[in-house]
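Participant: Input file: coords_22.cif. Contents: mmCIF, C-alpha atoms and all ligand atoms.
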data_start
#
loop_
_atom_site.label_atom_id
_atom_site.label_comp_id
_atom_site.auth_asym_id
_atom_site.auth_seq_id
_atom_site.Cartn_x
_atom_site.Cartn_y
_atom_site.Cartn_z
CA MET A 1 19.09 54.58 -8.37
CA ILE A 2 20.56 51.23 -9.41
CA LYS A 3 22.95 51.30 -12.38
CA GLN A 4 21.49 48.73 -14.79
CA VAL A 5 24.72 47.11 -15.96
CA GLN A 6 27.08 46.18 -13.15
CA LEU A 7 29.36 43.14 -13.15
CA TYR A 8 27.08 41.13 -15.46
CA ASN A 9 25.34 42.44 -18.59
CA ASP A 10 21.95 40.73 -18.87
CA GLN A 11 21.51 41.99 -22.44
CA LEU A 12 24.33 39.69 -23.48
CA ASP A 13 24.48 35.91 -23.47
CA PHE A 14 26.39 34.28 -20.59
CA GLU A 15 29.15 33.23 -23.02
CA ASP A 16 29.64 36.84 -24.10
CA ASN A 17 29.69 37.95 -20.49
CA LYS A 18 32.48 35.45 -19.86
CA LYS A 19 34.45 36.74 -22.84
CA THR A 20 33.98 40.49 -22.31
CA GLY A 21 33.03 41.01 -18.65
CA PRO A 22 33.10 42.15 -15.95
CA PHE A 23 31.12 45.35 -16.61
CA GLY A 24 30.16 48.62 -14.97
CA ASP A 25 32.15 49.78 -11.96
CA PHE A 26 33.58 46.27 -11.59
CA ALA A 27 35.46 46.83 -14.86
CA ASN A 28 37.35 49.72 -13.31
CA ASN A 29 40.02 48.60 -10.86
CA SER A 30 42.12 51.76 -10.93
CA GLN A 31 41.50 52.17 -7.19
CA PRO A 32 41.30 48.71 -5.63
CA TYR A 33 40.02 48.47 -2.06
CA VAL A 34 42.97 48.33 0.34
CA ASN A 35 42.59 46.27 3.53
CA SER A 36 44.70 47.34 6.46
CA GLY A 37 45.81 45.77 9.75
CA GLU A 38 45.54 42.03 10.28
CA PRO A 39 42.67 39.82 9.10
CA GLN A 40 40.48 39.00 12.12
CA TYR A 41 38.09 36.41 10.73
CA ASP A 42 38.44 32.78 9.69
CA PHE A 43 37.28 31.17 6.48
CA PHE A 44 38.02 27.44 6.84
CA GLY A 45 41.58 28.07 7.97
CA VAL A 46 42.24 31.15 5.81
CA PRO A 47 42.42 34.42 7.76
CA VAL A 48 40.11 36.96 6.08
CA TYR A 49 39.44 40.66 6.66
CA SER A 50 35.67 40.20 6.65
CA PRO A 51 33.30 37.22 6.98
CA PHE A 52 31.58 38.41 3.82
CA GLY A 53 31.75 37.57 0.15
CA ILE A 54 30.11 36.68 -3.13
CA ALA A 55 28.42 33.28 -3.43
CA ALA A 56 28.43 30.97 -6.44
CA GLY A 57 27.15 32.34 -9.73
CA PRO A 58 28.20 35.70 -11.07
CA LEU A 59 31.98 35.10 -11.13
CA PRO A 60 32.67 32.64 -13.98
CA THR A 61 36.27 33.58 -14.88
CA THR A 62 39.48 34.75 -13.24
CA GLN A 63 38.78 38.31 -14.51
CA PHE A 64 35.48 38.39 -12.60
CA ILE A 65 37.16 36.89 -9.51
CA GLN A 66 39.89 39.54 -9.63
CA ALA A 67 37.36 42.35 -10.07
CA ALA A 68 35.38 41.20 -7.00
CA LEU A 69 38.54 40.91 -4.87
CA ASP A 70 39.55 44.41 -6.00
CA LYS A 71 36.22 45.79 -4.77
CA GLY A 72 37.00 44.40 -1.32
CA PHE A 73 34.88 41.25 -1.33
CA ASP A 74 37.17 39.04 0.77
CA ILE A 75 35.57 35.64 0.01
CA VAL A 76 34.73 35.11 -3.63
CA THR A 77 33.28 32.00 -5.25
CA LEU A 78 34.14 30.76 -8.71
CA LYS A 79 30.96 29.71 -10.56
CA SER A 80 30.10 26.02 -10.20
CA VAL A 81 31.84 23.56 -12.53
CA ARG A 82 31.02 19.96 -13.49
CA THR A 83 32.87 16.75 -14.41
CA ASP A 84 32.08 17.31 -18.08
CA THR A 85 30.59 19.86 -20.46
CA PHE A 86 27.00 20.80 -19.77
CA PRO A 87 24.83 22.99 -22.00
CA LEU A 88 23.90 26.56 -21.17
CA ASN A 89 20.20 27.44 -21.28
CA PRO A 90 19.47 29.75 -24.24
CA PHE A 91 19.40 33.55 -23.85
CA PRO A 92 17.96 35.26 -21.83
CA GLN A 93 19.52 33.98 -18.62
CA VAL A 94 19.02 36.88 -16.17
CA ARG A 95 16.10 39.31 -15.76
CA PRO A 96 14.82 41.78 -13.18
CA VAL A 97 11.50 40.76 -11.66
CA SER A 98 8.85 42.53 -9.71
CA VAL A 99 7.90 40.95 -6.38
CA THR A 100 5.92 42.58 -3.62
CA GLY A 101 7.06 41.58 -0.15
CA ASP A 102 8.35 38.10 0.67
CA LEU A 103 8.39 35.37 -1.95
CA LYS A 104 6.88 32.24 -0.42
CA PRO A 105 7.67 29.00 -2.25
CA SER A 106 4.65 27.24 -0.76
CA THR A 107 2.29 29.39 -2.82
CA ASN A 108 3.81 28.22 -6.13
CA PRO A 109 4.22 31.85 -7.14
CA THR A 110 3.94 33.40 -10.58
CA ILE A 111 5.82 36.66 -10.92
CA THR A 112 6.26 39.23 -13.65
CA VAL A 113 9.42 40.45 -15.27
CA ALA A 114 10.30 44.08 -14.46
CA LYS A 115 11.43 46.80 -16.85
CA GLN A 116 14.59 47.48 -14.91
CA TYR A 117 16.53 46.66 -11.76
CA SER A 118 15.22 48.76 -8.90
CA GLU A 119 14.94 48.55 -5.12
CA PRO A 120 13.91 46.29 -3.50
CA LEU A 121 16.08 44.33 -5.91
CA ALA A 122 14.68 41.02 -7.20
CA VAL A 123 16.29 38.93 -9.90
CA ALA A 124 15.35 35.77 -11.80
CA ASN A 125 17.98 33.56 -13.39
CA SER A 126 17.95 30.48 -15.57
CA PHE A 127 21.41 29.30 -16.62
CA GLY A 128 21.12 25.55 -16.09
CA ILE A 129 24.62 25.65 -14.51
CA PRO A 130 26.60 25.12 -17.71
CA SER A 131 30.15 23.81 -17.66
CA VAL A 132 33.14 23.53 -19.96
CA THR A 133 35.35 20.43 -19.74
CA PRO A 134 37.73 19.98 -16.78
CA ALA A 135 40.65 20.46 -19.17
CA GLU A 136 39.25 23.95 -19.84
CA TRP A 137 38.15 24.94 -16.31
CA GLN A 138 41.15 23.59 -14.41
CA PRO A 139 43.53 26.30 -15.75
CA PHE A 140 41.23 29.22 -14.87
CA MET A 141 40.40 27.66 -11.49
CA LYS A 142 44.13 27.49 -10.79
CA ALA A 143 44.60 31.11 -11.87
CA SER A 144 41.64 32.21 -9.72
CA LEU A 145 43.08 30.44 -6.67
CA ALA A 146 46.25 32.51 -7.10
CA ALA A 147 44.35 35.82 -7.26
CA PRO A 148 43.60 36.67 -3.58
CA LYS A 149 45.82 39.04 -1.65
CA LYS A 150 46.45 38.69 2.09
CA GLY A 151 43.19 38.31 4.01
CA GLN A 152 41.15 37.16 1.03
CA ALA A 153 40.02 33.70 -0.12
CA VAL A 154 38.62 31.97 -3.17
CA LEU A 155 35.97 29.29 -2.78
CA VAL A 156 35.32 26.88 -5.64
CA ALA A 157 31.93 25.31 -6.31
CA PHE A 158 30.96 21.97 -7.79
CA GLN A 159 27.73 20.86 -9.42
CA GLY A 160 27.08 17.12 -9.79
CA THR A 161 25.38 15.86 -12.95
CA ALA A 162 22.40 13.57 -12.48
CA HIS A 163 20.96 13.49 -15.99
CA GLY A 164 20.91 9.98 -17.41
CA LYS A 165 22.75 8.58 -14.41
CA GLY A 166 21.70 6.15 -11.70
CA LYS A 167 22.12 7.07 -8.03
CA GLU A 168 25.44 5.22 -7.73
CA ASP A 169 26.91 7.13 -10.68
CA PHE A 170 25.56 10.42 -9.33
CA VAL A 171 27.45 9.83 -6.07
CA GLN A 172 30.58 8.84 -8.01
CA ASP A 173 30.26 11.98 -10.16
CA HIS A 174 30.78 14.03 -6.98
CA VAL A 175 33.83 12.00 -5.95
CA ASP A 176 35.30 12.38 -9.46
CA GLY A 177 34.50 16.10 -9.59
CA ILE A 178 36.18 16.81 -6.27
CA ARG A 179 39.27 14.87 -7.42
CA LEU A 180 39.42 17.05 -10.55
CA ILE A 181 39.01 20.18 -8.45
CA ARG A 182 41.75 19.14 -6.04
CA GLN A 183 44.16 18.73 -8.96
CA THR A 184 44.08 22.54 -9.19
CA GLY A 185 45.25 22.87 -5.58
CA ALA A 186 41.83 23.90 -4.21
CA ASN A 187 41.08 22.67 -0.72
CA ILE A 188 37.92 24.59 0.17
CA VAL A 189 34.93 23.44 -1.87
CA GLU A 190 31.18 23.95 -1.93
CA ILE A 191 29.01 21.17 -3.37
CA ASN A 192 25.74 22.48 -4.69
CA LEU A 193 22.87 20.11 -3.89
CA SER A 194 20.17 22.66 -4.57
CA CYS A 195 20.18 23.07 -8.34
CA PRO A 196 16.67 22.69 -9.75
CA ASN A 197 18.01 20.89 -12.82
CA GLU A 198 19.58 17.97 -10.98
CA GLY A 199 18.35 15.35 -8.55
CA GLU A 200 15.73 14.09 -11.03
CA SER A 201 12.25 14.95 -9.71
CA VAL A 202 13.36 16.69 -6.52
CA LEU A 203 16.40 18.74 -5.56
CA ALA A 204 19.27 16.50 -4.45
CA CYS A 205 19.22 18.12 -1.00
CA PHE A 206 15.59 17.08 -0.50
CA ASP A 207 16.66 13.45 -1.00
CA THR A 208 18.28 12.84 2.38
CA ASP A 209 19.66 9.41 1.45
CA ILE A 210 21.47 10.61 -1.67
CA THR A 211 22.79 13.68 0.17
CA GLU A 212 24.17 11.48 2.95
CA ARG A 213 25.78 9.13 0.44
CA ILE A 214 27.41 12.01 -1.45
CA VAL A 215 28.73 13.63 1.73
CA LYS A 216 30.14 10.38 3.12
CA ALA A 217 31.71 9.35 -0.21
CA VAL A 218 33.40 12.74 -0.66
CA ARG A 219 34.59 12.76 2.95
CA GLN A 220 35.97 9.20 2.70
CA ASP A 221 37.93 10.17 -0.40
CA ASN A 222 39.09 13.51 1.09
CA PRO A 223 39.68 13.30 4.85
CA ASP A 224 41.51 16.65 4.81
CA LEU A 225 39.22 18.63 2.48
CA LYS A 226 37.28 21.63 3.81
CA PHE A 227 33.89 21.18 2.23
CA MET A 228 30.34 22.32 2.58
CA ILE A 229 27.07 21.52 0.90
CA LYS A 230 24.68 24.15 -0.39
CA LEU A 231 21.01 23.73 0.44
CA ALA A 232 17.75 25.18 -0.80
CA TYR A 233 15.12 26.60 1.55
CA PHE A 234 13.49 23.76 3.53
CA ALA A 235 9.85 24.35 4.42
CA ASP A 236 9.89 21.07 6.38
CA LYS A 237 12.03 21.66 9.46
CA ASP A 238 11.90 18.01 10.58
CA GLN A 239 13.37 16.99 7.26
CA LEU A 240 16.12 19.58 7.63
CA LYS A 241 16.84 18.43 11.16
CA ASP A 242 17.16 14.81 10.09
CA LEU A 243 19.49 15.83 7.25
CA VAL A 244 21.69 17.92 9.56
CA LYS A 245 21.83 15.07 12.07
CA ARG A 246 23.05 12.67 9.41
CA VAL A 247 25.54 14.81 7.48
CA GLY A 248 26.64 17.35 10.10
CA PRO A 249 29.53 15.32 11.58
CA HIS A 250 31.14 14.87 8.15
CA LEU A 251 30.96 18.49 6.97
CA ASP A 252 32.95 21.67 7.54
CA GLY A 253 30.08 23.88 6.51
CA ILE A 254 26.50 24.12 5.30
CA SER A 255 25.53 26.99 3.06
CA ALA A 256 22.02 28.19 2.36
CA ILE A 257 20.01 29.31 0.55
CA ASN A 258 19.92 28.91 -3.19
CA THR A 259 17.33 30.79 -5.25
CA VAL A 260 13.61 30.20 -4.67
CA PRO A 261 11.82 28.76 -7.71
CA ALA A 262 8.93 30.66 -9.29
CA THR A 263 7.10 30.84 -12.60
CA VAL A 264 8.28 33.96 -14.42
CA VAL A 265 6.16 35.62 -17.11
CA ASN A 266 6.16 38.75 -19.27
CA ASP A 267 3.42 41.39 -19.00
CA ASP A 268 1.38 39.56 -21.66
CA GLY A 269 1.67 36.25 -19.79
CA SER A 270 4.21 34.70 -22.19
CA GLU A 271 7.28 32.91 -20.84
CA THR A 272 10.21 35.19 -19.96
CA PHE A 273 12.66 32.34 -20.41
CA PRO A 274 11.24 30.51 -23.46
CA GLY A 275 10.73 26.80 -22.79
CA ARG A 276 11.62 27.20 -19.10
CA PRO A 277 8.55 28.42 -17.22
CA MET A 278 10.35 28.25 -13.86
CA ALA A 279 13.41 30.27 -12.86
CA GLY A 280 15.33 30.87 -9.63
CA VAL A 281 14.50 34.08 -7.80
CA SER A 282 17.06 35.87 -5.65
CA GLY A 283 17.41 39.18 -3.87
CA ALA A 284 15.34 41.06 -1.29
CA PRO A 285 12.17 38.88 -1.48
CA ILE A 286 14.04 35.76 -0.28
CA LYS A 287 15.87 37.27 2.70
CA TRP A 288 13.25 35.94 5.13
CA ALA A 289 13.95 32.39 3.88
CA GLY A 290 17.73 32.72 4.19
CA LEU A 291 17.37 34.06 7.73
CA GLU A 292 14.95 31.30 8.72
CA MET A 293 17.36 28.64 7.40
CA THR A 294 20.27 30.29 9.23
CA ARG A 295 18.40 30.14 12.54
CA SER A 296 17.37 26.51 12.00
CA LEU A 297 20.88 25.38 11.00
CA CYS A 298 22.37 27.10 14.07
CA GLU A 299 19.72 25.57 16.33
CA PHE A 300 20.28 22.02 15.02
CA ARG A 301 24.06 22.43 15.11
CA LYS A 302 23.84 23.34 18.77
CA GLU A 303 21.37 20.57 19.58
CA PHE A 304 23.60 17.89 18.05
CA GLY A 305 26.86 19.41 19.32
CA TYR A 306 28.34 19.76 15.83
CA ASP A 307 30.81 22.41 14.74
CA PHE A 308 30.24 22.99 11.03
CA LYS A 309 30.14 26.62 9.91
CA VAL A 310 26.89 28.18 8.75
CA VAL A 311 27.43 30.10 5.52
CA SER A 312 24.37 32.21 4.81
CA MET A 313 22.96 34.00 1.81
CA GLY A 314 19.72 35.29 0.40
CA GLY A 315 18.77 38.92 -0.04
CA VAL A 316 21.81 40.60 1.51
CA MET A 317 21.58 44.09 0.01
CA ASN A 318 23.28 46.28 2.60
CA ALA A 319 25.28 46.29 5.84
CA ALA A 320 22.09 46.04 7.93
CA ASP A 321 21.14 42.80 6.15
CA PHE A 322 24.66 41.46 6.71
CA ASN A 323 24.41 42.25 10.43
CA GLU A 324 20.94 40.70 10.66
CA TYR A 325 22.40 37.43 9.33
CA ARG A 326 25.33 37.59 11.75
CA GLU A 327 22.91 38.13 14.62
CA ALA A 328 20.92 35.12 13.41
CA GLY A 329 24.11 33.08 13.87
CA ALA A 330 25.78 33.03 10.44
CA ASP A 331 29.55 32.51 10.57
CA ILE A 332 29.99 33.73 7.02
CA VAL A 333 27.55 35.83 4.98
CA MET A 334 27.46 35.94 1.21
CA SER A 335 25.58 37.98 -1.36
CA VAL A 336 24.96 37.55 -5.06
CA SER A 337 22.18 39.86 -6.25
CA GLY A 338 23.15 42.68 -3.88
CA ALA A 339 26.84 42.35 -4.74
CA MET A 340 26.16 42.21 -8.50
CA TRP A 341 24.38 45.54 -8.59
CA LYS A 342 26.25 47.22 -5.74
CA PRO A 343 30.05 47.14 -6.10
CA GLU A 344 30.43 49.24 -2.94
CA LEU A 345 28.65 46.61 -0.79
CA ALA A 346 31.90 45.05 0.51
CA ALA A 347 33.24 48.42 1.63
CA GLU A 348 29.88 49.22 3.27
CA VAL A 349 29.88 45.92 5.19
CA LYS A 350 33.49 46.39 6.31
CA ALA A 351 32.77 49.90 7.54
CA SER A 352 29.95 48.45 9.66
CA LEU A 353 32.31 45.83 11.15
CA GLN A 354 34.58 48.59 12.39
CA ASN A 355 31.78 50.40 14.23
C1 LIG B 401 22.99 35.32 -11.72
C2 LIG B 401 23.02 34.22 -10.69
C3 LIG B 401 23.74 33.05 -10.95
C4 LIG B 401 23.78 32.01 -10.00
N1 LIG B 401 24.51 30.88 -10.25
C5 LIG B 401 24.67 29.93 -9.27
C6 LIG B 401 25.56 28.81 -9.46
O1 LIG B 401 26.21 28.65 -10.50
N2 LIG B 401 25.67 27.91 -8.45
C7 LIG B 401 24.99 28.06 -7.26
O2 LIG B 401 25.14 27.22 -6.35
N3 LIG B 401 24.15 29.12 -7.05
C8 LIG B 401 23.99 30.05 -8.02
N4 LIG B 401 23.18 31.15 -7.79
C9 LIG B 401 22.49 31.30 -6.48
C10 LIG B 401 23.29 32.21 -5.53
O3 LIG B 401 24.55 31.67 -5.20
C11 LIG B 401 22.52 32.49 -4.22
O4 LIG B 401 22.37 31.27 -3.53
C12 LIG B 401 21.16 33.13 -4.43
O5 LIG B 401 21.21 34.05 -5.50
C13 LIG B 401 20.66 33.86 -3.18
O6 LIG B 401 21.48 34.95 -2.83
P1 LIG B 401 21.11 36.50 -3.21
O7 LIG B 401 19.70 36.73 -2.79
O8 LIG B 401 22.14 37.31 -2.50
O9 LIG B 401 21.26 36.61 -4.70
C14 LIG B 401 23.09 32.17 -8.76
C15 LIG B 401 22.35 33.36 -8.53
C16 LIG B 401 22.31 34.37 -9.47
C17 LIG B 401 21.52 35.63 -9.18
#
Since I need it in another form, could you write the structure as structure tokens?
Ligand SMILES: Cc1cc2nc3c(=O)[nH]c(=O)nc-3n(C[C@H](O)[C@H](O)[C@H](O)COP(=O)(O)O)c2cc1C
Facilitator:
Amino acid sequence: MIKQVQLYNDQLDFEDNKKTGPFGDFANNSQPYVNSGEPQYDFFGVPVYSPFGIAAGPLPTTQFIQAALDKGFDIVTLKSVRTDTFPLNPFPQVRPVSVTGDLKPSTNPTITVAKQYSEPLAVANSFGIPSVTPAEWQPFMKASLAAPKKGQAVLVAFQGTAHGKGKEDFVQDHVDGIRLIRQTGANIVEINLSCPNEGESVLACFDTDITERIVKAVRQDNPDLKFMIKLAYFADKDQLKDLVKRVGPHLDGISAINTVPATVVNDDGSETFPGRPMAGVSGAPIKWAGLEMTRSLCEFRKEFGYDFKVVSMGGVMNAADFNEYREAGADIVMSVSGAMWKPELAAEVKASLQN
């Protein structure tokens, strides 16, 4: 039975979550997970106890970051920030959904909201990736970077802003954003190119030219930065291959996948997220897509002789899912939906690593 409020309370606005969260078992850190021995895995130069963590999204403040580290998640990602303020989509922002089997983006799916979170867990979210100003996020980014104990790491995430900007300015926005992030001392960064609200008509990662320009511009400005880009699910494998060929030599990692877009409705057919018919779906129904992307990225990496790390996510709900991703070739595995509703997931994964 899944406890309905864990980490994030979907009955509250995102802003209230930030102010009063984390919730559920994550709010109780009286018995933090204790790692022992020496960290055996590598996360972009940081030794970590497990190649497992929480991907961008549900950890928007240092309190959330600390709570996730205390539960034994060894790689935790601070929610994506931008070069300037960006509005939050109105409440609601997170809902359980009911999906039978795999969610296939090619079918332009319409799915129905569920009464509660239950297994197999499926979640829809529509935040719009809001941001406060750099003057506001830099202090809590700095504090979050200081939170990990030995064998743990914090990843920071950046979201470029395309709205109202030409392509040149969109590229520059990434260069500026990474400079602002580096002022906090961060040197491992994920650039999200798979947000449905950016990249004008298509996701930025589906525009190979703009992706290549962003990657090269950020690399030129930051020869020593460890950085990866985050991709959506690519149905077109030739397009993915061409992208990997062009950006692979300049990157330290590629992460995938982001949520899969779907139309989300209430039982009566009305919009679940008023004014936003589409939302991003995560959890068990997208695991097939994350695994497929993992295999393709590993295959293309090998074919081109590159050495970027493959950081995989999508539907990791238990240790078996984690191991399936590792067997598919993932260097690092992340979870969001599974981790949000299952605080014991890190401990479960680590127990499986010791077997
Ligand atoms: C509540 C929620 C918030 C998210 N916010 C972000 C975000 O700010 N930036 C981002 O790159 N991805 C975001 N994501 C996508 C996740 O990082 C991840 O790619 C996706 O949920 C698939 O993993 P999962 O099936 O384990 O949830 C979010 C996902 C959820 C469920």
Participant: Which is closer to Thr161 (chain A) than all the others in A:Pro90, A:Gly128, A:Gly283, A:Pro139, using only C-alpha atoms?
Facilitator: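 Comparing A:Pro90, A:Gly128, A:Gly283, A:Pro139 against Thr161 (chain A), the winner is A:Gly128.
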Participant: Can you work out which one of A:Arg95, A:Lys3, A:Lys237, A:Lys309 has the shortest atom-to-atom distance to ligand LIG 401 (chain B), counting all atoms listed in the file?
Facilitator: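 Of all the options, A:Arg95 lies closest to ligand LIG 401 (chain B).
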Participant: Give me, as a list in words, the set of residues whose atoms come within 6 Å of any atom of ligand LIG 401 (chain B), counting all atoms listed in the file.
Facilitator: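 My answer, listing the contacting residues, is Ala55, Ala56, Gly57, Pro58, Lys79, Ser80, Asn125, Ile129, Asn192, Ile257, Asn258, Thr259, Ser282, Gly283, Met313, Gly314, Gly315, Val316, Ser335, Val336, Ser337 and Gly338 of chain A.
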Participant: Those same residues - C-alpha atoms - I'd like them written as an mmCIF file, keeping the file's coordinate frame.
Facilitator:
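Okay, again03.cif is ready:
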data_model
loop_
_atom_site.group_PDB
_atom_site.id
_atom_site.type_symbol
_atom_site.label_atom_id
_atom_site.label_comp_id
_atom_site.auth_asym_id
_atom_site.auth_seq_id
_atom_site.Cartn_x
_atom_site.Cartn_y
_atom_site.Cartn_z
ATOM 1 C CA ALA A 55 28.420 33.280 -3.430
ATOM 2 C CA ALA A 56 28.430 30.970 -6.440
ATOM 3 C CA GLY A 57 27.150 32.340 -9.730
ATOM 4 C CA PRO A 58 28.200 35.700 -11.070
ATOM 5 C CA LYS A 79 30.960 29.710 -10.560
ATOM 6 C CA SER A 80 30.100 26.020 -10.200
ATOM 7 C CA ASN A 125 17.980 33.560 -13.390
ATOM 8 C CA ILE A 129 24.620 25.650 -14.510
ATOM 9 C CA ASN A 192 25.740 22.480 -4.690
ATOM 10 C CA ILE A 257 20.010 29.310 0.550
ATOM 11 C CA ASN A 258 19.920 28.910 -3.190
ATOM 12 C CA THR A 259 17.330 30.790 -5.250
ATOM 13 C CA SER A 282 17.060 35.870 -5.650
ATOM 14 C CA GLY A 283 17.410 39.180 -3.870
ATOM 15 C CA MET A 313 22.960 34.000 1.810
ATOM 16 C CA GLY A 314 19.720 35.290 0.400
ATOM 17 C CA GLY A 315 18.770 38.920 -0.040
ATOM 18 C CA VAL A 316 21.810 40.600 1.510
ATOM 19 C CA SER A 335 25.580 37.980 -1.360
ATOM 20 C CA VAL A 336 24.960 37.550 -5.060
ATOM 21 C CA SER A 337 22.180 39.860 -6.250
ATOM 22 C CA GLY A 338 23.150 42.680 -3.880
#
Participant: To one decimal in Å, tell me the separation between CA of Leu69 (chain A) and CA of Gln138 (chain A).
Facilitator: 19.9 Å
Participant: Suppose you want the space between CA of Glu299 (chain A) and CA of Gln159 (chain A); what is it in Å?
Facilitator: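 Distance between the two atoms: 27.4 Å.
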Participant: Hey, can you check how far CA of Val81 (chain A) sits from CA of Ala157 (chain A)?
Facilitator: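 Interatomic distance here is 6.5 Å.
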Participant: Taking only C-alpha atoms into account, name the residue in A:Ser352, A:Thr61, A:Thr263, A:Gln4 that is nearest to Ala143 (chain A).
Facilitator: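 Smallest distance to Ala143 (chain A) is found for A:Thr61.
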Participant: So which residues touch Phe300 (chain A) within 12 Å, counting all atoms listed in the file, skipping near sequence neighbours fewer than 6 positions away, as an MDAnalysis selection string?
Facilitator: chainID A and resid 237:249 254 293:294 306:308 310 329
Participant: May I have the selected residues written with C-alpha atoms, as a compact mmCIF listing (two decimals), in the frame of the given file?
Facilitator:
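The resulting selection_26.txt:
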# COMPACT_ATOMS: atom_id res chain seq x y z
CA LYS A 237 12.03 21.66 9.46
CA ASP A 238 11.90 18.01 10.58
CA GLN A 239 13.37 16.99 7.26
CA LEU A 240 16.12 19.58 7.63
CA LYS A 241 16.84 18.43 11.16
CA ASP A 242 17.16 14.81 10.09
CA LEU A 243 19.49 15.83 7.25
CA VAL A 244 21.69 17.92 9.56
CA LYS A 245 21.83 15.07 12.07
CA ARG A 246 23.05 12.67 9.41
CA VAL A 247 25.54 14.81 7.48
CA GLY A 248 26.64 17.35 10.10
CA PRO A 249 29.53 15.32 11.58
CA ILE A 254 26.50 24.12 5.30
CA MET A 293 17.36 28.64 7.40
CA THR A 294 20.27 30.29 9.23
CA TYR A 306 28.34 19.76 15.83
CA ASP A 307 30.81 22.41 14.74
CA PHE A 308 30.24 22.99 11.03
CA VAL A 310 26.89 28.18 8.75
CA GLY A 329 24.11 33.08 13.87
Participant: Ranking A:Ala146, A:Val123, A:Leu155, A:Leu297 by minimum distance to Ile75 (chain A) and counting all atoms listed in the file, which one comes first?
Facilitator: A:Leu155
Participant: Considering all atoms listed in the file, state which residue in the set A:Ile65, A:Ile2, A:Ile210, A:Leu353 is at the smallest distance from Ala122 (chain A).
Facilitator: A:Ile2
Participant: Using all atoms listed in the file, can you tell me which of A:Ala320, A:Leu78, A:Ile111, A:Ala67 comes closest to Gln31 (chain A)?
Facilitator: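 The answer is A:Ala67, which sits nearest to Gln31 (chain A).
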Participant: Starting from the incomplete input, reconstruct N, CA, C and O atoms of region 5-16 of chain A and write that as an mmCIF file, in the coordinates of the input.
Facilitator:
data_model
loop_
_atom_site.group_PDB
_atom_site.id
_atom_site.type_symbol
_atom_site.label_atom_id
_atom_site.label_comp_id
_atom_site.auth_asym_id
_atom_site.auth_seq_id
_atom_site.Cartn_x
_atom_site.Cartn_y
_atom_site.Cartn_z
ATOM 1 N N VAL A 5 23.696 48.104 -15.627
ATOM 2 C CA VAL A 5 24.720 47.110 -15.960
ATOM 3 C C VAL A 5 25.888 47.231 -15.000
ATOM 4 O O VAL A 5 26.648 48.196 -15.037
ATOM 5 N N GLN A 6 25.972 46.272 -14.106
ATOM 6 C CA GLN A 6 27.080 46.180 -13.150
ATOM 7 C C GLN A 6 27.532 44.733 -13.163
ATOM 8 O O GLN A 6 26.690 43.836 -13.133
ATOM 9 N N LEU A 7 28.783 44.481 -13.176
ATOM 10 C CA LEU A 7 29.360 43.140 -13.150
ATOM 11 C C LEU A 7 28.948 42.293 -14.340
ATOM 12 O O LEU A 7 29.762 41.905 -15.152
ATOM 13 N N TYR A 8 27.621 42.029 -14.443
ATOM 14 C CA TYR A 8 27.080 41.130 -15.460
ATOM 15 C C TYR A 8 26.120 41.917 -16.352
ATOM 16 O O TYR A 8 25.286 42.666 -15.844
ATOM 17 N N ASN A 9 26.231 41.734 -17.668
ATOM 18 C CA ASN A 9 25.340 42.440 -18.590
ATOM 19 C C ASN A 9 24.243 41.488 -19.062
ATOM 20 O O ASN A 9 24.494 40.606 -19.881
ATOM 21 N N ASP A 10 23.031 41.691 -18.553
ATOM 22 C CA ASP A 10 21.950 40.730 -18.870
ATOM 23 C C ASP A 10 21.436 40.862 -20.299
ATOM 24 O O ASP A 10 20.619 40.053 -20.733
ATOM 25 N N GLN A 11 21.910 41.879 -21.035
ATOM 26 C CA GLN A 11 21.510 41.990 -22.440
ATOM 27 C C GLN A 11 22.405 41.144 -23.339
ATOM 28 O O GLN A 11 22.171 41.022 -24.539
ATOM 29 N N LEU A 12 23.427 40.578 -22.750
ATOM 30 C CA LEU A 12 24.330 39.690 -23.480
ATOM 31 C C LEU A 12 24.173 38.262 -22.982
ATOM 32 O O LEU A 12 23.833 38.032 -21.818
ATOM 33 N N ASP A 13 24.476 37.306 -23.864
ATOM 34 C CA ASP A 13 24.480 35.910 -23.470
ATOM 35 C C ASP A 13 25.589 35.672 -22.422
ATOM 36 O O ASP A 13 26.589 36.407 -22.380
ATOM 37 N N PHE A 14 25.396 34.632 -21.613
ATOM 38 C CA PHE A 14 26.390 34.280 -20.590
ATOM 39 C C PHE A 14 27.784 34.108 -21.201
ATOM 40 O O PHE A 14 28.789 34.560 -20.638
ATOM 41 N N GLU A 15 27.843 33.459 -22.378
ATOM 42 C CA GLU A 15 29.150 33.230 -23.020
ATOM 43 C C GLU A 15 29.841 34.549 -23.352
ATOM 44 O O GLU A 15 31.060 34.664 -23.213
ATOM 45 N N ASP A 16 29.048 35.538 -23.786
ATOM 46 C CA ASP A 16 29.640 36.840 -24.100
ATOM 47 C C ASP A 16 30.047 37.594 -22.838
ATOM 48 O O ASP A 16 31.027 38.341 -22.830
#
